[in-house]
$ cat structure.pdb   # PDB, C-alpha atoms, pLDDT in the B column
MODEL        1
ATOM      1  CA  MET K   1     -20.170  42.389  23.864  1.00 35.00           C
ATOM      2  CA  ALA K   2     -19.070  44.596  20.992  1.00 37.00           C
ATOM      3  CA  LEU K   3     -15.462  44.207  22.142  1.00 34.00           C
ATOM      4  CA  ILE K   4     -15.732  40.401  22.089  1.00 33.00           C
ATOM      5  CA  ARG K   5     -17.393  40.484  18.646  1.00 35.00           C
ATOM      6  CA  ALA K   6     -14.598  42.733  17.337  1.00 35.00           C
ATOM      7  CA  PHE K   7     -11.983  40.417  18.828  1.00 32.00           C
ATOM      8  CA  VAL K   8     -13.591  37.292  17.272  1.00 30.00           C
ATOM      9  CA  LEU K   9     -13.943  39.017  13.887  1.00 32.00           C
ATOM     10  CA  GLY K  10     -10.310  40.159  14.111  1.00 37.00           C
ATOM     11  CA  VAL K  11      -9.066  36.646  14.848  1.00 31.00           C
ATOM     12  CA  PHE K  12     -11.276  35.191  12.095  1.00 30.00           C
ATOM     13  CA  SER K  13     -10.061  37.783   9.569  1.00 34.00           C
ATOM     14  CA  THR K  14      -6.433  37.109  10.514  1.00 33.00           C
ATOM     15  CA  CYS K  15      -6.906  33.339  10.079  1.00 34.00           C
ATOM     16  CA  VAL K  16      -8.612  33.746   6.696  1.00 29.00           C
ATOM     17  CA  ALA K  17      -5.894  36.151   5.522  1.00 33.00           C
ATOM     18  CA  ALA K  18      -3.175  33.739   6.648  1.00 32.00           C
ATOM     19  CA  LEU K  19      -4.788  30.727   4.933  1.00 30.00           C
ATOM     20  CA  PRO K  20      -3.453  31.369   1.386  1.00 31.00           C
ATOM     21  CA  ALA K  21       0.058  31.870   2.774  1.00 29.00           C
ATOM     22  CA  GLN K  22      -0.140  28.561   4.627  1.00 27.00           C
ATOM     23  CA  VAL K  23      -1.402  26.723   1.543  1.00 28.00           C
ATOM     24  CA  SER K  24       1.294  28.110  -0.763  1.00 28.00           C
ATOM     25  CA  SER K  25       4.113  27.382   1.669  1.00 28.00           C
ATOM     26  CA  SER K  26       2.953  23.928   2.727  1.00 28.00           C
ATOM     27  CA  THR K  27       5.196  21.006   1.895  1.00 30.00           C
ATOM     28  CA  THR K  28       4.155  18.445  -0.686  1.00 32.00           C
ATOM     29  CA  THR K  29       3.785  14.993   0.784  1.00 43.00           C
ATOM     30  CA  GLY K  30       2.542  11.947  -1.035  1.00 77.00           C
ATOM     31  CA  ASP K  31       2.056  13.786  -4.347  1.00 92.00           C
ATOM     32  CA  ILE K  32       3.749  11.129  -6.482  1.00 95.00           C
ATOM     33  CA  GLU K  33       2.521   7.598  -7.092  1.00 96.00           C
ATOM     34  CA  LEU K  34       4.867   4.973  -8.556  1.00 97.00           C
ATOM     35  CA  ARG K  35       3.359   2.331 -10.817  1.00 96.00           C
ATOM     36  CA  VAL K  36       5.256  -0.632 -12.260  1.00 97.00           C
ATOM     37  CA  GLN K  37       4.410  -3.119 -15.023  1.00 97.00           C
ATOM     38  CA  ALA K  38       6.301  -6.163 -16.280  1.00 96.00           C
ATOM     39  CA  GLN K  39       7.523  -6.035 -19.891  1.00 95.00           C
ATOM     40  CA  ASP K  40       7.813  -9.037 -22.206  1.00 92.00           C
ATOM     41  CA  VAL K  41       7.284 -11.911 -19.769  1.00 91.00           C
ATOM     42  CA  SER K  42       9.191 -14.917 -21.141  1.00 84.00           C
ATOM     43  CA  SER K  43       9.544 -18.279 -19.350  1.00 85.00           C
ATOM     44  CA  GLY K  44       7.766 -16.801 -16.344  1.00 87.00           C
ATOM     45  CA  LEU K  45      10.038 -13.762 -15.902  1.00 92.00           C
ATOM     46  CA  PRO K  46       9.929 -10.272 -17.406  1.00 94.00           C
ATOM     47  CA  VAL K  47      12.707  -8.955 -19.619  1.00 93.00           C
ATOM     48  CA  GLY K  48      12.209  -5.527 -18.076  1.00 94.00           C
ATOM     49  CA  PHE K  49       9.834  -3.163 -16.343  1.00 96.00           C
ATOM     50  CA  SER K  50       8.048   0.047 -17.182  1.00 96.00           C
ATOM     51  CA  PHE K  51       7.552   2.650 -14.478  1.00 97.00           C
ATOM     52  CA  GLN K  52       5.249   5.628 -14.221  1.00 97.00           C
ATOM     53  CA  LEU K  53       5.656   8.464 -11.748  1.00 97.00           C
ATOM     54  CA  VAL K  54       2.152   9.939 -11.573  1.00 97.00           C
ATOM     55  CA  ASN K  55       1.282  13.359 -10.138  1.00 97.00           C
ATOM     56  CA  THR K  56      -1.636  12.521  -7.825  1.00 95.00           C
ATOM     57  CA  SER K  57      -1.798  16.020  -6.323  1.00 94.00           C
ATOM     58  CA  GLY K  58      -4.021  18.929  -7.271  1.00 94.00           C
ATOM     59  CA  HIS K  59      -1.076  21.115  -8.312  1.00 95.00           C
ATOM     60  CA  ASN K  60       1.886  21.062 -10.694  1.00 96.00           C
ATOM     61  CA  ILE K  61       5.021  19.241  -9.584  1.00 96.00           C
ATOM     62  CA  LEU K  62       8.481  19.852 -11.017  1.00 96.00           C
ATOM     63  CA  LEU K  63      10.201  16.478 -11.382  1.00 95.00           C
ATOM     64  CA  PRO K  64      13.576  15.357 -12.744  1.00 94.00           C
ATOM     65  CA  SER K  65      14.043  12.066 -14.538  1.00 93.00           C
ATOM     66  CA  PRO K  66      15.350   9.816 -11.747  1.00 94.00           C
ATOM     67  CA  SER K  67      18.296   7.485 -12.054  1.00 91.00           C
ATOM     68  CA  ILE K  68      17.604   3.785 -12.418  1.00 89.00           C
ATOM     69  CA  ALA K  69      19.146   1.631  -9.681  1.00 83.00           C
ATOM     70  CA  CYS K  70      22.743   2.798  -9.155  1.00 74.00           C
ATOM     71  CA  GLU K  71      23.128   5.015 -12.191  1.00 74.00           C
ATOM     72  CA  ASP K  72      23.966   8.714 -12.068  1.00 65.00           C
ATOM     73  CA  PRO K  73      22.850  11.351 -11.193  1.00 60.00           C
ATOM     74  CA  THR K  74      21.578  10.303  -7.794  1.00 68.00           C
ATOM     75  CA  MET K  75      20.789  13.901  -6.811  1.00 86.00           C
ATOM     76  CA  ASP K  76      17.789  13.774  -9.155  1.00 90.00           C
ATOM     77  CA  GLY K  77      16.144  10.915  -7.306  1.00 92.00           C
ATOM     78  CA  SER K  78      16.177   7.235  -8.116  1.00 93.00           C
ATOM     79  CA  ILE K  79      14.074   4.154  -8.727  1.00 94.00           C
ATOM     80  CA  PHE K  80      15.171   0.828  -7.280  1.00 92.00           C
ATOM     81  CA  LEU K  81      13.661  -2.533  -8.173  1.00 93.00           C
ATOM     82  CA  LYS K  82      13.120  -4.846  -5.220  1.00 93.00           C
ATOM     83  CA  THR K  83      12.756  -8.606  -5.528  1.00 92.00           C
ATOM     84  CA  ASP K  84      11.626 -11.134  -2.943  1.00 92.00           C
ATOM     85  CA  PHE K  85      12.575 -14.527  -4.327  1.00 91.00           C
ATOM     86  CA  THR K  86      11.362 -17.844  -2.919  1.00 91.00           C
ATOM     87  CA  PRO K  87      13.215 -20.718  -4.649  1.00 91.00           C
ATOM     88  CA  ARG K  88      11.369 -23.924  -5.590  1.00 87.00           C
ATOM     89  CA  ASP K  89      14.268 -25.810  -3.980  1.00 82.00           C
ATOM     90  CA  PRO K  90      14.308 -24.844  -0.276  1.00 79.00           C
ATOM     91  CA  ASN K  91      18.039 -25.735  -0.139  1.00 78.00           C
ATOM     92  CA  ALA K  92      19.006 -23.271  -2.886  1.00 73.00           C
ATOM     93  CA  PRO K  93      21.325 -20.477  -1.722  1.00 65.00           C
ATOM     94  CA  GLY K  94      19.872 -17.008  -1.253  1.00 59.00           C
ATOM     95  CA  GLN K  95      20.834 -14.265  -3.625  1.00 61.00           C
ATOM     96  CA  GLY K  96      21.226 -10.556  -3.119  1.00 56.00           C
ATOM     97  CA  HIS K  97      22.335  -7.436  -4.891  1.00 56.00           C
ATOM     98  CA  ASN K  98      23.832  -4.254  -3.511  1.00 56.00           C
ATOM     99  CA  CYS K  99      25.274  -1.176  -5.092  1.00 58.00           C
ATOM    100  CA  THR K 100      26.858   2.065  -4.125  1.00 56.00           C
ATOM    101  CA  ASN K 101      26.978   5.362  -5.914  1.00 54.00           C
ATOM    102  CA  ASP K 102      29.095   8.138  -4.498  1.00 55.00           C
ATOM    103  CA  ASN K 103      28.670  10.640  -7.329  1.00 53.00           C
ATOM    104  CA  MET K 104      26.854  13.453  -5.559  1.00 56.00           C
ATOM    105  CA  ASN K 105      27.427  16.267  -8.052  1.00 61.00           C
ATOM    106  CA  HIS K 106      25.681  19.127  -6.276  1.00 74.00           C
ATOM    107  CA  LEU K 107      24.783  21.975  -8.621  1.00 83.00           C
ATOM    108  CA  PRO K 108      22.746  24.890  -7.257  1.00 89.00           C
ATOM    109  CA  ILE K 109      19.049  23.978  -7.192  1.00 92.00           C
ATOM    110  CA  PHE K 110      17.992  26.628  -9.724  1.00 93.00           C
ATOM    111  CA  GLU K 111      20.544  25.193 -12.181  1.00 92.00           C
ATOM    112  CA  ARG K 112      19.350  21.633 -11.556  1.00 91.00           C
ATOM    113  CA  ILE K 113      15.659  22.345 -12.160  1.00 94.00           C
ATOM    114  CA  LYS K 114      16.266  23.738 -15.664  1.00 94.00           C
ATOM    115  CA  SER K 115      16.066  20.210 -17.093  1.00 92.00           C
ATOM    116  CA  TRP K 116      13.179  19.019 -14.885  1.00 95.00           C
ATOM    117  CA  LYS K 117       9.706  18.353 -16.291  1.00 96.00           C
ATOM    118  CA  THR K 118       6.492  19.936 -15.038  1.00 96.00           C
ATOM    119  CA  LEU K 119       3.874  17.288 -14.309  1.00 97.00           C
ATOM    120  CA  HIS K 120       0.359  18.685 -14.211  1.00 97.00           C
ATOM    121  CA  PRO K 121      -2.186  16.902 -11.981  1.00 97.00           C
ATOM    122  CA  GLY K 122      -2.781  13.410 -13.386  1.00 96.00           C
ATOM    123  CA  GLU K 123       0.219  13.499 -15.744  1.00 97.00           C
ATOM    124  CA  SER K 124       3.000  10.950 -15.525  1.00 97.00           C
ATOM    125  CA  LEU K 125       6.676  10.563 -16.289  1.00 97.00           C
ATOM    126  CA  PRO K 126       7.240   7.195 -18.049  1.00 97.00           C
ATOM    127  CA  LEU K 127      10.494   5.251 -17.669  1.00 95.00           C
ATOM    128  CA  SER K 128      11.600   1.726 -18.490  1.00 95.00           C
ATOM    129  CA  ALA K 129      14.574  -0.513 -17.846  1.00 93.00           C
ATOM    130  CA  SER K 130      15.691  -4.082 -18.378  1.00 91.00           C
ATOM    131  CA  ARG K 131      16.054  -6.376 -15.384  1.00 88.00           C
ATOM    132  CA  LYS K 132      19.783  -6.462 -16.051  1.00 86.00           C
ATOM    133  CA  ARG K 133      19.987  -2.657 -15.915  1.00 88.00           C
ATOM    134  CA  LEU K 134      17.990  -2.798 -12.674  1.00 86.00           C
ATOM    135  CA  GLY K 135      20.529  -5.235 -11.202  1.00 83.00           C
ATOM    136  CA  ASP K 136      18.144  -8.194 -11.099  1.00 82.00           C
ATOM    137  CA  ASN K 137      19.671 -11.233 -12.834  1.00 81.00           C
ATOM    138  CA  LEU K 138      17.922 -14.090 -11.008  1.00 83.00           C
ATOM    139  CA  GLN K 139      16.722 -16.875 -13.309  1.00 86.00           C
ATOM    140  CA  ASP K 140      16.146 -19.760 -10.886  1.00 88.00           C
ATOM    141  CA  PRO K 141      12.780 -21.532 -10.625  1.00 91.00           C
ATOM    142  CA  GLY K 142      10.580 -20.128  -7.896  1.00 91.00           C
ATOM    143  CA  THR K 143       8.237 -17.305  -6.958  1.00 92.00           C
ATOM    144  CA  TYR K 144       9.248 -13.713  -7.645  1.00 93.00           C
ATOM    145  CA  ASP K 145       7.669 -10.697  -5.975  1.00 95.00           C
ATOM    146  CA  PHE K 146       8.790  -7.534  -7.787  1.00 94.00           C
ATOM    147  CA  TRP K 147       8.109  -3.965  -6.711  1.00 95.00           C
ATOM    148  CA  ALA K 148       9.907  -0.650  -6.918  1.00 95.00           C
ATOM    149  CA  ILE K 149      10.749   2.262  -4.641  1.00 95.00           C
ATOM    150  CA  TYR K 150      11.071   5.858  -5.796  1.00 95.00           C
ATOM    151  CA  PHE K 151      13.308   8.242  -3.871  1.00 94.00           C
ATOM    152  CA  PRO K 152      12.702  11.948  -4.646  1.00 94.00           C
ATOM    153  CA  PRO K 153      15.453  14.399  -5.641  1.00 93.00           C
ATOM    154  CA  ALA K 154      17.881  15.307  -2.890  1.00 91.00           C
ATOM    155  CA  MET K 155      18.025  18.894  -1.747  1.00 91.00           C
ATOM    156  CA  GLU K 156      18.796  20.933   1.331  1.00 92.00           C
ATOM    157  CA  LYS K 157      16.035  22.548   3.412  1.00 93.00           C
ATOM    158  CA  ASP K 158      17.044  26.030   2.253  1.00 95.00           C
ATOM    159  CA  GLU K 159      16.866  24.879  -1.388  1.00 94.00           C
ATOM    160  CA  ARG K 160      13.363  23.496  -0.845  1.00 93.00           C
ATOM    161  CA  LYS K 161      12.322  26.762   0.845  1.00 95.00           C
ATOM    162  CA  ALA K 162      13.744  28.790  -2.062  1.00 96.00           C
ATOM    163  CA  LEU K 163      11.720  26.713  -4.537  1.00 95.00           C
ATOM    164  CA  LEU K 164       8.539  27.028  -2.467  1.00 94.00           C
ATOM    165  CA  ALA K 165       9.082  30.796  -2.237  1.00 96.00           C
ATOM    166  CA  GLN K 166       8.959  30.825  -6.063  1.00 94.00           C
ATOM    167  CA  GLY K 167       5.792  28.661  -6.043  1.00 94.00           C
ATOM    168  CA  ILE K 168       7.654  25.557  -7.265  1.00 95.00           C
ATOM    169  CA  GLN K 169       6.438  22.255  -5.819  1.00 95.00           C
ATOM    170  CA  THR K 170       8.623  19.131  -5.962  1.00 94.00           C
ATOM    171  CA  ALA K 171       8.222  15.528  -4.832  1.00 93.00           C
ATOM    172  CA  GLN K 172       9.416  15.147  -1.265  1.00 89.00           C
ATOM    173  CA  LYS K 173       8.431  11.667  -0.127  1.00 93.00           C
ATOM    174  CA  MET K 174       9.422   8.266  -1.372  1.00 94.00           C
ATOM    175  CA  ALA K 175       6.788   6.167  -3.106  1.00 95.00           C
ATOM    176  CA  VAL K 176       6.392   2.394  -3.173  1.00 96.00           C
ATOM    177  CA  SER K 177       4.847   0.742  -6.233  1.00 96.00           C
ATOM    178  CA  ASN K 178       2.372  -2.060  -6.658  1.00 96.00           C
ATOM    179  CA  HIS K 179       3.688  -5.642  -6.470  1.00 97.00           C
ATOM    180  CA  ILE K 180       4.000  -8.057  -9.398  1.00 95.00           C
ATOM    181  CA  ILE K 181       4.126 -11.734  -8.409  1.00 95.00           C
ATOM    182  CA  LEU K 182       5.346 -14.226 -11.024  1.00 94.00           C
ATOM    183  CA  ASN K 183       6.234 -17.913 -10.917  1.00 92.00           C
ATOM    184  CA  LYS K 184       9.032 -19.503 -12.901  1.00 91.00           C
ATOM    185  CA  ASP K 185       8.921 -23.279 -13.352  1.00 87.00           C
ATOM    186  CA  ALA K 186      11.981 -25.512 -13.669  1.00 76.00           C
ATOM    187  CA  ARG K 187      12.667 -26.410 -17.301  1.00 65.00           C
TER     188      ARG K 187
ENDMDL
END
$ encode --input "structure.pdb" --output "structure tokens"
Amino acid sequence: MALIRAFVLGVFSTCVAALPAQVSSSTTTGDIELRVQAQDVSSGLPVGFSFQLVNTSGHNILLPSPSIACEDPTMDGSIFLKTDFTPRDPNAPGQGHNCTNDNMNHLPIFERIKSWKTLHPGESLPLSASRKRLGDNLQDPGTYDFWAIYFPPAMEKDERKALLAQGIQTAQKMAVSNHIILNKDAR
């Protein structure tokens, strides 16, 4: 019986000792929330949008200022505005917008993070952009459903491990914002 008790205590002690190591090396998932608000709604449509990347975790997160739509630098993450448009006229042609950005300037991760901001739990990184800058130029009458998607900074697995080894947490998962539904009448 003493041998079993010693074995159980040994396993328990090993698990408790390993717990802090597992917590500090765990990956951050879902630590960033993206919020979007319409700016200066005129004739049923906003002139632009404001975005907030909010640290919803219980720890600090190092975060770069992301690019807006197809702007550079894409390695620091990006925010894309999405629009579902339903025209008032069912015969109106559909509209779309695509972009490409092949500038993947890849500096070493410890050089890149020098300009990143530390977000403490509950803090946010505010950004804003016009609809034109976001690539959304629709003006037709109809219903608009706007939302945004945040893509975190790009990095290799070994870069992420090197940051975690230094106790540096970064955003790792994309975040989808709330939706804003607006109607534009024909005038």
$ resolve_selection --input "structure.pdb" --expression "the PyMOL selection byres ((chain K and resi 178) around 9)" --output "MDAnalysis selection string"
chainID K and resid 34:37 146:148 176:177 179:180
$ closest_atom_pairs --input "structure.pdb" --of "range 158-177 of chain K" --to "range 112-115 of chain K" --cutoff "12 Å" --atoms "only C-alpha atoms" --output "Markdown table"
| residue | atom | partner | partner_atom | distance |
| --- | --- | --- | --- | --- |
| K:Glu159 | CA | K:Arg112 | CA | 11.0 |
| K:Arg160 | CA | K:Ile113 | CA | 11.6 |
| K:Leu163 | CA | K:Ile113 | CA | 9.6 |
| K:Ile168 | CA | K:Ile113 | CA | 9.9 |
| K:Gln169 | CA | K:Ile113 | CA | 11.2 |
| K:Thr170 | CA | K:Ile113 | CA | 9.9 |
$ closest_residue --input "structure.pdb" --among "K:Gly135, K:His120, K:His59, K:Tyr144" --to "Ile181 in chain K" --atoms "only C-alpha atoms"
K:Tyr144
$ atom_distance --input "structure.pdb" --atom1 "CA of Glu111 in chain K" --atom2 "CA of Ala154 in chain K"
13.8 Å
$ atom_distance --input "structure.pdb" --atom1 "CA of Leu81 in chain K" --atom2 "CA of Leu182 in chain K"
14.6 Å
$ residues_around --input "structure.pdb" --residues "range 90-92 of chain K" --least-positions-apart "3" --cutoff "12 Å" --atoms "only C-alpha atoms" --output "list of chain:residue names"
K:Phe85, K:Thr86, K:Pro87, K:Gln95, K:Asp140, K:Pro141, K:Gly142, K:Thr143
$ write_last_selection --input "structure.pdb" --atoms "C-alpha atoms" --output "PDB file, in the frame of the given file"
ATOM      1  CA  PHE K  85      12.575 -14.527  -4.327  1.00 91.00           C
ATOM      2  CA  THR K  86      11.362 -17.844  -2.919  1.00 91.00           C
ATOM      3  CA  PRO K  87      13.215 -20.718  -4.649  1.00 91.00           C
ATOM      4  CA  GLN K  95      20.834 -14.265  -3.625  1.00 61.00           C
ATOM      5  CA  ASP K 140      16.146 -19.760 -10.886  1.00 88.00           C
ATOM      6  CA  PRO K 141      12.780 -21.532 -10.625  1.00 91.00           C
ATOM      7  CA  GLY K 142      10.580 -20.128  -7.896  1.00 91.00           C
ATOM      8  CA  THR K 143       8.237 -17.305  -6.958  1.00 92.00           C
TER       9      THR K 143
END
$ atom_distance --input "structure.pdb" --atom1 "CA of Gln39 in chain K" --atom2 "CA of Phe51 in chain K"
10.2 Å
$ resolve_selection --input "structure.pdb" --expression "the PyMOL selection byres ((chain K and resi 78) around 7)" --output "PDB file with C-alpha atoms, in the coordinates of the input"
ATOM      1  CA  PRO K  66      15.350   9.816 -11.747  1.00 94.00           C
ATOM      2  CA  SER K  67      18.296   7.485 -12.054  1.00 91.00           C
ATOM      3  CA  ILE K  68      17.604   3.785 -12.418  1.00 89.00           C
ATOM      4  CA  ALA K  69      19.146   1.631  -9.681  1.00 83.00           C
ATOM      5  CA  THR K  74      21.578  10.303  -7.794  1.00 68.00           C
ATOM      6  CA  ASP K  76      17.789  13.774  -9.155  1.00 90.00           C
ATOM      7  CA  GLY K  77      16.144  10.915  -7.306  1.00 92.00           C
ATOM      8  CA  ILE K  79      14.074   4.154  -8.727  1.00 94.00           C
ATOM      9  CA  PHE K  80      15.171   0.828  -7.280  1.00 92.00           C
ATOM     10  CA  TYR K 150      11.071   5.858  -5.796  1.00 95.00           C
ATOM     11  CA  PHE K 151      13.308   8.242  -3.871  1.00 94.00           C
ATOM     12  CA  PRO K 152      12.702  11.948  -4.646  1.00 94.00           C
TER      13      PRO K 152
END
$ closest_residue --input "structure.pdb" --among "K:Pro108, K:Gly48, K:Gly58, K:Gly30" --to "Lys132 in chain K" --atoms "all atoms listed in the file"
K:Gly48
$ closest_residue --input "structure.pdb" --among "K:Leu45, K:Ala186, K:Cys70, K:Leu53" --to "Pro121 in chain K" --atoms "only C-alpha atoms"
K:Leu53
$ resolve_selection --input "structure.pdb" --expression "the PyMOL selection byres ((chain K and resi 173) around 8)" --output "count of residues only"
10
$ closest_residue --input "structure.pdb" --among "K:His106, K:Val47, K:Lys184, K:Gln52" --to "Glu156 in chain K" --atoms "only C-alpha atoms"
K:His106
